[in-house]
>>> print(open('target16.tsv').read())   # TSV, C-alpha atoms (C1' of nucleotides)
chain	number	residue	atom	x	y	z
A	10	MET	CA	-24.15	-33.72	-28.25
A	11	THR	CA	-23.89	-30.11	-29.42
A	12	PRO	CA	-20.41	-29.37	-30.70
A	13	THR	CA	-18.43	-26.36	-29.56
A	14	LEU	CA	-18.76	-23.60	-32.14
A	15	ALA	CA	-16.41	-20.85	-33.18
A	16	GLN	CA	-19.34	-18.48	-32.77
A	17	PRO	CA	-22.13	-18.73	-30.23
A	18	PRO	CA	-25.12	-20.67	-31.51
A	19	LEU	CA	-27.64	-18.80	-33.61
A	20	GLU	CA	-30.27	-17.25	-31.42
A	21	ASP	CA	-33.64	-16.39	-32.81
A	22	ALA	CA	-33.67	-14.04	-35.78
A	23	SER	CA	-34.90	-11.20	-33.60
A	24	LYS	CA	-31.70	-11.16	-31.56
A	25	GLU	CA	-29.46	-11.44	-34.62
A	26	ARG	CA	-31.29	-8.57	-36.33
A	27	LEU	CA	-30.91	-6.45	-33.22
A	28	ARG	CA	-27.20	-7.19	-33.21
A	29	LEU	CA	-26.98	-6.20	-36.87
A	30	TRP	CA	-28.79	-2.94	-36.16
A	31	LEU	CA	-26.46	-2.05	-33.30
A	32	ARG	CA	-23.47	-2.80	-35.50
A	33	LEU	CA	-24.82	-0.68	-38.36
A	34	LEU	CA	-25.46	2.16	-35.98
A	35	LYS	CA	-21.99	1.97	-34.49
A	36	THR	CA	-20.38	1.86	-37.93
A	37	THR	CA	-22.35	4.69	-39.50
A	38	ARG	CA	-21.98	6.88	-36.43
A	39	GLY	CA	-18.25	6.27	-36.43
A	40	ILE	CA	-17.98	7.23	-40.09
A	41	GLU	CA	-20.19	10.28	-39.58
A	42	ALA	CA	-18.04	11.41	-36.65
A	43	LYS	CA	-14.93	11.14	-38.80
A	44	LEU	CA	-16.59	13.02	-41.66
A	45	ARG	CA	-17.75	15.77	-39.32
A	46	GLU	CA	-14.23	16.11	-37.95
A	47	ASN	CA	-12.71	16.21	-41.44
A	48	PHE	CA	-15.24	18.71	-42.78
A	49	ARG	CA	-14.56	20.97	-39.83
A	50	ALA	CA	-10.79	20.73	-40.02
A	51	GLU	CA	-10.41	20.91	-43.80
A	52	PHE	CA	-13.30	23.13	-44.89
A	53	ASP	CA	-14.73	24.73	-41.74
A	54	THR	CA	-18.15	23.35	-42.62
A	55	THR	CA	-20.60	20.67	-41.44
A	56	LEU	CA	-22.22	17.55	-42.82
A	57	PRO	CA	-25.70	19.11	-43.04
A	58	ARG	CA	-24.27	22.04	-45.00
A	59	PHE	CA	-22.53	19.60	-47.34
A	60	ASP	CA	-25.75	17.64	-47.75
A	61	VAL	CA	-27.64	20.75	-48.86
A	62	MET	CA	-24.88	21.71	-51.29
A	63	ALA	CA	-24.82	18.16	-52.66
A	64	ALA	CA	-28.56	18.22	-53.26
A	65	LEU	CA	-28.32	21.55	-55.07
A	66	SER	CA	-25.37	20.38	-57.16
A	67	ARG	CA	-27.58	17.79	-58.81
A	68	TYR	CA	-30.03	20.41	-60.08
A	69	GLU	CA	-28.76	23.04	-62.46
A	70	ASP	CA	-31.77	25.29	-61.87
A	71	GLY	CA	-31.72	25.01	-58.11
A	72	LEU	CA	-34.40	23.73	-55.78
A	73	LYS	CA	-37.21	25.28	-53.83
A	74	MET	CA	-36.93	25.15	-50.04
A	75	SER	CA	-39.56	22.43	-49.82
A	76	GLU	CA	-37.79	20.43	-52.52
A	77	ILE	CA	-34.57	20.50	-50.53
A	78	SER	CA	-36.28	19.16	-47.43
A	79	GLY	CA	-38.03	16.59	-49.60
A	80	VAL	CA	-34.83	15.34	-51.21
A	81	LEU	CA	-32.93	15.25	-47.90
A	82	ARG	CA	-35.92	13.95	-45.95
A	83	VAL	CA	-35.55	16.49	-43.20
A	84	SER	CA	-38.10	18.89	-41.79
A	85	ASN	CA	-38.98	22.14	-43.49
A	86	GLY	CA	-37.88	24.43	-40.70
A	87	ASN	CA	-34.55	22.69	-40.51
A	88	VAL	CA	-33.55	23.76	-44.00
A	89	THR	CA	-34.30	27.42	-43.30
A	90	GLY	CA	-31.40	27.86	-40.90
A	91	ILE	CA	-28.88	25.90	-42.92
A	92	VAL	CA	-29.70	27.82	-46.10
A	93	ASP	CA	-29.55	31.09	-44.14
A	94	ARG	CA	-26.00	30.38	-43.07
A	95	LEU	CA	-24.86	29.13	-46.47
A	96	ALA	CA	-26.32	32.27	-48.03
A	97	ASP	CA	-24.53	34.43	-45.46
A	98	ASP	CA	-21.31	32.79	-46.63
A	99	GLY	CA	-22.11	33.59	-50.26
A	100	LEU	CA	-22.29	29.94	-51.30
A	101	LEU	CA	-25.87	30.13	-52.50
A	102	VAL	CA	-28.69	32.58	-53.12
A	103	ARG	CA	-32.45	32.66	-52.73
A	104	VAL	CA	-34.09	33.66	-56.01
A	105	PRO	CA	-37.76	34.70	-56.02
A	106	VAL	CA	-39.96	32.43	-58.10
A	107	PRO	CA	-41.82	34.51	-60.72
A	108	GLY	CA	-45.56	34.06	-60.33
A	109	ASP	CA	-45.46	32.73	-56.77
A	110	ARG	CA	-44.41	35.19	-54.14
A	111	ARG	CA	-44.41	32.52	-51.43
A	112	ALA	CA	-41.66	30.45	-52.97
A	113	HIS	CA	-37.94	30.84	-53.41
A	114	ARG	CA	-35.58	28.90	-55.58
A	115	VAL	CA	-32.23	28.23	-53.97
A	116	CYS	CA	-29.27	28.26	-56.36
A	117	MET	CA	-25.56	27.81	-55.81
A	118	THR	CA	-23.29	30.68	-56.65
A	119	ARG	CA	-20.10	30.24	-58.61
A	120	LYS	CA	-18.25	30.37	-55.32
A	121	GLY	CA	-20.59	27.68	-53.98
A	122	ARG	CA	-20.04	25.39	-56.95
A	123	GLU	CA	-16.28	25.76	-56.74
A	124	GLU	CA	-16.23	25.14	-52.99
A	125	PHE	CA	-18.55	22.16	-53.33
A	126	ALA	CA	-16.37	20.58	-56.03
A	127	ARG	CA	-13.43	20.59	-53.63
A	128	GLN	CA	-15.49	19.26	-50.75
A	129	ALA	CA	-17.07	16.49	-52.84
A	130	ALA	CA	-13.71	15.22	-54.04
A	131	ALA	CA	-12.37	15.09	-50.49
A	132	HIS	CA	-15.57	13.46	-49.25
A	133	GLU	CA	-15.36	10.69	-51.82
A	134	ALA	CA	-11.73	10.04	-50.91
A	135	TRP	CA	-12.51	9.90	-47.17
A	136	ILE	CA	-15.31	7.39	-47.76
A	137	ALA	CA	-13.21	5.29	-50.11
A	138	ASP	CA	-10.58	5.14	-47.40
A	139	MET	CA	-12.95	4.28	-44.57
A	140	LEU	CA	-14.75	1.62	-46.62
A	141	GLY	CA	-11.48	0.38	-48.08
A	142	GLN	CA	-12.10	-3.15	-46.85
A	143	PHE	CA	-14.89	-3.56	-49.44
A	144	SER	CA	-14.03	-4.33	-53.04
A	145	ALA	CA	-16.04	-2.64	-55.78
A	146	GLU	CA	-17.99	-5.88	-56.16
A	147	ASP	CA	-18.64	-6.28	-52.43
A	148	ALA	CA	-19.75	-2.69	-52.20
A	149	ARG	CA	-22.18	-3.10	-55.04
A	150	THR	CA	-23.62	-6.29	-53.56
A	151	LEU	CA	-24.10	-4.70	-50.16
A	152	THR	CA	-25.65	-1.59	-51.67
A	153	THR	CA	-28.27	-3.85	-53.20
A	154	GLU	CA	-28.82	-5.83	-50.01
A	155	PHE	CA	-29.45	-2.71	-47.99
A	156	ASN	CA	-32.12	-1.41	-50.30
A	157	LEU	CA	-34.80	-1.77	-47.63
A	158	PRO	CA	-38.45	-1.18	-48.54
A	159	GLU	CA	-38.81	1.44	-45.77
A	160	GLU	CA	-42.30	2.16	-47.03
A	161	ALA	CA	-41.18	2.65	-50.66
A	162	ASN	CA	-39.98	6.11	-49.94
A	163	ASP	CA	-38.58	7.43	-53.20
A	164	ARG	CA	-39.66	11.00	-53.86
B	29	MET	CA	-18.24	-5.90	-78.03
B	30	THR	CA	-19.34	-5.07	-74.51
B	31	PRO	CA	-22.61	-6.83	-73.71
B	32	THR	CA	-25.58	-5.00	-72.28
B	33	LEU	CA	-25.62	-5.50	-68.53
B	34	ALA	CA	-28.50	-5.70	-66.08
B	35	GLN	CA	-26.57	-3.23	-63.95
B	36	PRO	CA	-24.31	-0.44	-65.15
B	37	PRO	CA	-20.67	-1.51	-65.47
B	38	LEU	CA	-18.56	-1.45	-62.34
B	39	GLU	CA	-17.01	1.93	-61.89
B	40	ASP	CA	-13.90	2.33	-59.82
B	41	ALA	CA	-14.11	1.13	-56.22
B	42	SER	CA	-14.22	4.69	-54.97
B	43	LYS	CA	-17.58	5.34	-56.63
B	44	GLU	CA	-19.04	2.03	-55.52
B	45	ARG	CA	-17.97	2.66	-51.93
B	46	LEU	CA	-19.52	6.11	-52.05
B	47	ARG	CA	-22.76	4.58	-53.29
B	48	LEU	CA	-22.66	2.03	-50.46
B	49	TRP	CA	-22.13	4.82	-47.93
B	50	LEU	CA	-25.06	6.82	-49.22
B	51	ARG	CA	-27.25	3.73	-49.09
B	52	LEU	CA	-26.17	2.91	-45.54
B	53	LEU	CA	-26.89	6.45	-44.49
B	54	LYS	CA	-30.32	6.44	-46.08
B	55	THR	CA	-31.19	3.11	-44.50
B	56	THR	CA	-29.98	3.87	-40.98
B	57	ARG	CA	-31.57	7.32	-41.01
B	58	GLY	CA	-34.84	5.82	-42.14
B	59	ILE	CA	-34.76	3.27	-39.35
B	60	GLU	CA	-33.77	5.90	-36.81
B	61	ALA	CA	-36.64	8.13	-37.91
B	62	LYS	CA	-39.08	5.28	-37.44
B	63	LEU	CA	-37.64	4.43	-34.03
B	64	ARG	CA	-37.84	8.07	-32.95
B	65	GLU	CA	-41.47	8.21	-34.02
B	66	ASN	CA	-42.29	4.95	-32.22
B	67	PHE	CA	-40.50	5.93	-29.02
B	68	ARG	CA	-42.35	9.21	-28.99
B	69	ALA	CA	-45.76	7.74	-29.70
B	70	GLU	CA	-45.51	4.65	-27.49
B	71	PHE	CA	-43.33	5.80	-24.59
B	72	ASP	CA	-43.05	9.59	-24.82
B	73	THR	CA	-39.28	9.29	-24.87
B	74	THR	CA	-36.36	9.68	-27.29
B	75	LEU	CA	-33.62	7.54	-28.78
B	76	PRO	CA	-30.82	9.27	-26.80
B	77	ARG	CA	-32.73	8.69	-23.56
B	78	PHE	CA	-33.18	5.03	-24.50
B	79	ASP	CA	-29.47	4.76	-25.31
B	80	VAL	CA	-28.50	6.01	-21.86
B	81	MET	CA	-30.94	3.66	-20.17
B	82	ALA	CA	-29.64	0.76	-22.29
B	83	ALA	CA	-26.07	1.52	-21.28
B	84	LEU	CA	-27.01	1.64	-17.59
B	85	SER	CA	-29.03	-1.56	-17.85
B	86	ARG	CA	-25.87	-3.50	-18.61
B	87	TYR	CA	-24.17	-2.41	-15.39
B	88	GLU	CA	-25.77	-3.43	-12.12
B	89	ASP	CA	-23.76	-0.86	-10.14
B	90	GLY	CA	-24.39	2.03	-12.51
B	91	LEU	CA	-21.89	4.11	-14.43
B	92	LYS	CA	-20.10	7.37	-13.81
B	93	MET	CA	-20.98	10.25	-16.11
B	94	SER	CA	-17.71	9.91	-18.02
B	95	GLU	CA	-18.27	6.17	-18.38
B	96	ILE	CA	-21.66	6.79	-19.99
B	97	SER	CA	-20.17	9.16	-22.53
B	98	GLY	CA	-17.34	6.69	-23.11
B	99	VAL	CA	-19.67	3.75	-23.74
B	100	LEU	CA	-22.00	5.75	-25.97
B	101	ARG	CA	-19.15	7.65	-27.63
B	102	VAL	CA	-20.79	11.01	-27.18
B	103	SER	CA	-19.42	14.15	-25.63
B	104	ASN	CA	-19.30	14.66	-21.91
B	105	GLY	CA	-21.49	17.72	-21.80
B	106	ASN	CA	-24.13	15.97	-23.84
B	107	VAL	CA	-24.78	13.36	-21.20
B	108	THR	CA	-25.35	15.98	-18.49
B	109	GLY	CA	-28.62	17.20	-19.97
B	110	ILE	CA	-30.00	13.77	-20.84
B	111	VAL	CA	-29.27	12.43	-17.36
B	112	ASP	CA	-30.79	15.59	-15.85
B	113	ARG	CA	-34.07	14.96	-17.62
B	114	LEU	CA	-34.14	11.22	-16.90
B	115	ALA	CA	-33.48	12.01	-13.23
B	116	ASP	CA	-36.30	14.57	-13.25
B	117	ASP	CA	-38.57	11.78	-14.45
B	118	GLY	CA	-37.43	9.52	-11.61
B	119	LEU	CA	-35.94	6.91	-13.94
B	120	LEU	CA	-32.43	7.18	-12.53
B	121	VAL	CA	-30.49	8.82	-9.70
B	122	ARG	CA	-27.05	10.38	-9.24
B	123	VAL	CA	-25.26	8.75	-6.30
B	124	PRO	CA	-22.14	10.44	-4.86
B	125	VAL	CA	-19.00	8.34	-5.16
B	126	PRO	CA	-17.45	7.86	-1.69
B	127	GLY	CA	-13.89	9.16	-1.63
B	128	ASP	CA	-14.19	11.31	-4.78
B	129	ARG	CA	-16.35	14.35	-4.40
B	130	ARG	CA	-16.04	15.21	-8.10
B	131	ALA	CA	-17.72	12.06	-9.33
B	132	HIS	CA	-21.24	10.69	-9.37
B	133	ARG	CA	-22.46	7.21	-10.14
B	134	VAL	CA	-25.66	7.11	-12.17
B	135	CYS	CA	-28.00	4.23	-11.30
B	136	MET	CA	-31.41	3.25	-12.59
B	137	THR	CA	-34.29	3.28	-10.17
B	138	ARG	CA	-36.79	0.45	-9.94
B	139	LYS	CA	-39.14	2.59	-12.00
B	140	GLY	CA	-36.35	3.08	-14.54
B	141	ARG	CA	-35.61	-0.63	-14.81
B	142	GLU	CA	-39.27	-1.49	-15.25
B	143	GLU	CA	-39.79	1.20	-17.87
B	144	PHE	CA	-36.63	0.21	-19.71
B	145	ALA	CA	-37.68	-3.45	-19.84
B	146	ARG	CA	-40.87	-2.47	-21.64
B	147	GLN	CA	-39.04	-0.15	-24.02
B	148	ALA	CA	-36.32	-2.69	-24.82
B	149	ALA	CA	-38.85	-5.38	-25.72
B	150	ALA	CA	-40.68	-3.00	-28.06
B	151	HIS	CA	-37.40	-1.79	-29.55
B	152	GLU	CA	-36.28	-5.31	-30.36
B	153	ALA	CA	-39.60	-6.06	-32.01
B	154	TRP	CA	-39.48	-2.87	-34.11
B	155	ILE	CA	-35.98	-3.70	-35.32
B	156	ALA	CA	-36.86	-7.30	-36.05
B	157	ASP	CA	-39.74	-6.04	-38.15
B	158	MET	CA	-37.75	-3.43	-40.05
B	159	LEU	CA	-34.87	-5.83	-40.73
B	160	GLY	CA	-37.27	-8.67	-41.45
B	161	GLN	CA	-35.79	-9.26	-44.89
B	162	PHE	CA	-32.62	-10.65	-43.28
B	163	SER	CA	-32.57	-14.22	-42.01
B	164	ALA	CA	-30.75	-14.94	-38.77
B	165	GLU	CA	-27.83	-16.25	-40.81
B	166	ASP	CA	-27.74	-13.23	-43.14
B	167	ALA	CA	-27.88	-10.89	-40.18
B	168	ARG	CA	-24.98	-12.61	-38.49
B	169	THR	CA	-22.89	-12.56	-41.66
B	170	LEU	CA	-23.53	-8.87	-42.22
B	171	THR	CA	-22.82	-8.02	-38.60
B	172	THR	CA	-19.39	-9.57	-39.09
B	173	GLU	CA	-18.79	-7.81	-42.39
B	174	PHE	CA	-19.54	-4.42	-40.90
B	175	ASN	CA	-17.08	-4.79	-38.11
B	176	LEU	CA	-14.93	-1.97	-39.45
B	177	PRO	CA	-11.56	-1.25	-37.84
B	178	GLU	CA	-12.52	2.42	-37.29
B	179	GLU	CA	-9.27	2.86	-35.37
B	180	ALA	CA	-9.85	-0.17	-33.13
B	181	ASN	CA	-12.17	1.75	-30.92
B	182	ASP	CA	-13.40	-0.71	-28.30
B	183	ARG	CA	-13.58	0.84	-24.83
C	6	DC	C1'	-66.50	38.34	-54.98
C	7	DA	C1'	-65.85	36.65	-50.29
C	8	DT	C1'	-64.28	33.24	-47.72
C	9	DA	C1'	-62.32	28.90	-46.86
C	10	DT	C1'	-58.65	25.79	-47.77
C	11	DA	C1'	-54.20	24.76	-49.18
C	12	DA	C1'	-49.35	25.65	-50.03
C	13	DA	C1'	-44.62	27.69	-49.14
C	14	DC	C1'	-42.08	29.17	-45.95
C	15	DT	C1'	-40.41	30.92	-41.22
C	16	DT	C1'	-40.56	31.04	-36.31
C	17	DT	C1'	-40.72	28.99	-31.82
C	18	DA	C1'	-39.86	25.72	-28.15
C	19	DA	C1'	-37.56	21.80	-26.68
C	20	DG	C1'	-34.02	18.56	-26.99
C	21	DC	C1'	-29.63	16.64	-28.89
C	22	DA	C1'	-24.73	17.28	-30.18
C	23	DT	C1'	-20.13	19.16	-30.22
C	24	DA	C1'	-16.06	21.91	-28.77
C	25	DA	C1'	-14.21	24.82	-25.61
C	26	DA	C1'	-14.07	27.11	-21.29
C	27	DA	C1'	-15.00	26.99	-16.42
C	28	DT	C1'	-15.26	24.80	-11.72
C	29	DA	C1'	-14.12	21.74	-8.28
C	30	DT	C1'	-11.45	18.15	-6.64
C	31	DT	C1'	-7.66	14.89	-6.65
C	32	DT	C1'	-3.02	13.51	-7.70
C	33	DT	C1'	1.61	14.44	-8.96
C	34	DT	C1'	5.75	16.89	-8.72
C	35	DA	C1'	9.20	20.11	-7.40
D	12	DT	C1'	3.91	21.07	1.56
D	13	DA	C1'	2.99	24.36	-2.20
D	14	DA	C1'	2.38	24.61	-6.94
D	15	DA	C1'	1.31	22.23	-11.10
D	16	DA	C1'	-1.03	18.84	-13.66
D	17	DA	C1'	-4.69	15.73	-14.24
D	18	DT	C1'	-9.50	14.19	-13.60
D	19	DA	C1'	-14.68	14.51	-13.28
D	20	DT	C1'	-18.15	17.15	-14.32
D	21	DT	C1'	-20.90	21.23	-15.71
D	22	DT	C1'	-21.59	25.40	-18.34
D	23	DT	C1'	-21.59	28.10	-22.52
D	24	DA	C1'	-21.93	29.09	-27.36
D	25	DT	C1'	-23.30	27.43	-31.67
D	26	DG	C1'	-25.62	24.59	-34.76
D	27	DC	C1'	-28.78	20.65	-36.09
D	28	DT	C1'	-33.37	18.55	-35.61
D	29	DT	C1'	-38.21	17.95	-34.97
D	30	DA	C1'	-43.11	19.18	-34.21
D	31	DA	C1'	-46.22	22.61	-33.92
D	32	DA	C1'	-47.78	27.16	-34.56
D	33	DG	C1'	-47.66	31.34	-37.28
D	34	DT	C1'	-47.41	34.35	-41.66
D	35	DT	C1'	-48.07	35.28	-46.24
D	36	DT	C1'	-49.67	34.15	-50.70
D	37	DA	C1'	-52.31	31.24	-53.88
D	38	DT	C1'	-56.24	28.50	-55.19
D	39	DA	C1'	-60.77	26.58	-54.68
D	40	DT	C1'	-65.59	26.98	-53.36
D	41	DG	C1'	-69.89	28.98	-52.02
>>> encode(input="target16.tsv", output="structure tokens")
Amino acid sequence: MTPTLAQPPLEDASKERLRLWLRLLKTTRGIEAKLRENFRAEFDTTLPRFDVMAALSRYEDGLKMSEISGVLRVSNGNVTGIVDRLADDGLLVRVPVPGDRRAHRVCMTRKGREEFARQAAAHEAWIADMLGQFSAEDARTLTTEFNLPEEANDR
Amino acid sequence: MTPTLAQPPLEDASKERLRLWLRLLKTTRGIEAKLRENFRAEFDTTLPRFDVMAALSRYEDGLKMSEISGVLRVSNGNVTGIVDRLADDGLLVRVPVPGDRRAHRVCMTRKGREEFARQAAAHEAWIADMLGQFSAEDARTLTTEFNLPEEANDR
DNA sequence: CATATAAACTTTAAGCATAAAATATTTTTA
DNA sequence: TAAAAATATTTTATGCTTAAAGTTTATATG
């Protein structure tokens, strides 16, 4: 006879994978909501703005508009508005690309770099707190496990 | 002397947790993008619309507007527009609540239930495919591991 | 060289999301 | 019971997001 289990019996993999997806979604959305709230309260900014700044911070010479959308995997038109607003705030500038009058290189200003440094430090601390249940080793293991193929989408 | 490692040495937990977060974000966004694309191509609908239908499908007697936003953890005003459009399409109806003229109960129509059944089956198959690298046992283990406290937010 | 194609970017239309304010109704309280 | 507080929902303002169409500039092709 089937013994009573602490957990319900394993259903087919399809159901368990669906459960995992719903859990991942709930967890990441919860963390994103907290980040959004913190960014608003502490820095009067948003997650998409931070994402653009973070992308730029990794490239000393800035990025072209299309490179930003490529790195962040968002649509082209999306980046236009976010960069507009960051530029209005003096955190970055559009620099014409010599020899190609279609393109612009987006670079952080000094003010942008300083502001981003503060935001990045806070961001890392918030994440470390929210994922505090994972040891460094656990985190590394899970990072590897969640490296899905996702149609081999690097660059 | 420190031996050469297959992976870089463990940095402090903070950095490893940040890496895990970035990986989770990349993975869930990738899956969400694929789902959005599939929902659009196969059913001419969106993920938020599916989420509302999924919430309603679990309650025979429907849900009030505020209950939908509570279950889905989205803002009140957000649900108004999504329900408006689903109602326009005849997939659900707003039913007045007897004895409280402020409130409405949102219920799926027969058409809505039939459409949702098709969508849910496809959704489960898409997820099972994208998370195919996880066995049923792995999926269950990970689902448990990602049950973050997140300020004990159930209902 | 003229034109066609491609590339870089912006604009538009529609929908999703939040926070905050507004409206209507119900319940509590003085 | 009248005024105040709470509840249920919608509306408004702002920003993010995509897909698709449009503009300008660059490159390829006849």
>>> interface_residues(input="target16.tsv", of="chain C", to="chain B", cutoff="10 Å", atoms="only C-alpha atoms (C1' of nucleotides)", output="VMD selection string")
chain C and resid 20 to 24 29 to 31
>>> interface_residues(input="target16.tsv", of="chain B", to="chain A", cutoff="6 Å", atoms="all atoms listed in the file", output="mmCIF file with C-alpha atoms, in the frame of the given file")
data_model
loop_
_atom_site.group_PDB
_atom_site.id
_atom_site.type_symbol
_atom_site.label_atom_id
_atom_site.label_comp_id
_atom_site.auth_asym_id
_atom_site.auth_seq_id
_atom_site.Cartn_x
_atom_site.Cartn_y
_atom_site.Cartn_z
ATOM 1 C CA ALA B 41 -14.110 1.130 -56.220
ATOM 2 C CA SER B 42 -14.220 4.690 -54.970
ATOM 3 C CA GLU B 44 -19.040 2.030 -55.520
ATOM 4 C CA ARG B 45 -17.970 2.660 -51.930
ATOM 5 C CA LEU B 48 -22.660 2.030 -50.460
ATOM 6 C CA ALA B 156 -36.860 -7.300 -36.050
ATOM 7 C CA ALA B 164 -30.750 -14.940 -38.770
ATOM 8 C CA ALA B 167 -27.880 -10.890 -40.180
ATOM 9 C CA THR B 171 -22.820 -8.020 -38.600
#
>>> residues_around(input="target16.tsv", residues="D:DA16", least_positions_apart="5", cutoff="10 Å", atoms="all atoms listed in the file", output="VMD selection string")
chain C and resid 32 to 34
>>> closest_residue(input="target16.tsv", among="A:Arg45, A:Gly121, A:Thr89, A:His113", to="C:DT16", atoms="only C-alpha atoms (C1' of nucleotides)")
A:Thr89
>>> closest_residue(input="target16.tsv", among="D:DA24, D:DA31, D:DA17, D:DA39", to="C:DA18", atoms="only C-alpha atoms (C1' of nucleotides)")
D:DA31
>>> interface_residues(input="target16.tsv", of="chain D", to="chain B", cutoff="12 Å", atoms="all atoms listed in the file", output="PDB file with C-alpha atoms (C1' of nucleotides), in the coordinates of the input")
ATOM      1  C1'  DT D  18      -9.500  14.190 -13.600  1.00  0.00           C
ATOM      2  C1'  DA D  19     -14.680  14.510 -13.280  1.00  0.00           C
ATOM      3  C1'  DT D  20     -18.150  17.150 -14.320  1.00  0.00           C
ATOM      4  C1'  DT D  21     -20.900  21.230 -15.710  1.00  0.00           C
ATOM      5  C1'  DT D  22     -21.590  25.400 -18.340  1.00  0.00           C
ATOM      6  C1'  DT D  23     -21.590  28.100 -22.520  1.00  0.00           C
ATOM      7  C1'  DT D  28     -33.370  18.550 -35.610  1.00  0.00           C
ATOM      8  C1'  DT D  29     -38.210  17.950 -34.970  1.00  0.00           C
ATOM      9  C1'  DA D  30     -43.110  19.180 -34.210  1.00  0.00           C
TER      10       DA D  30
END
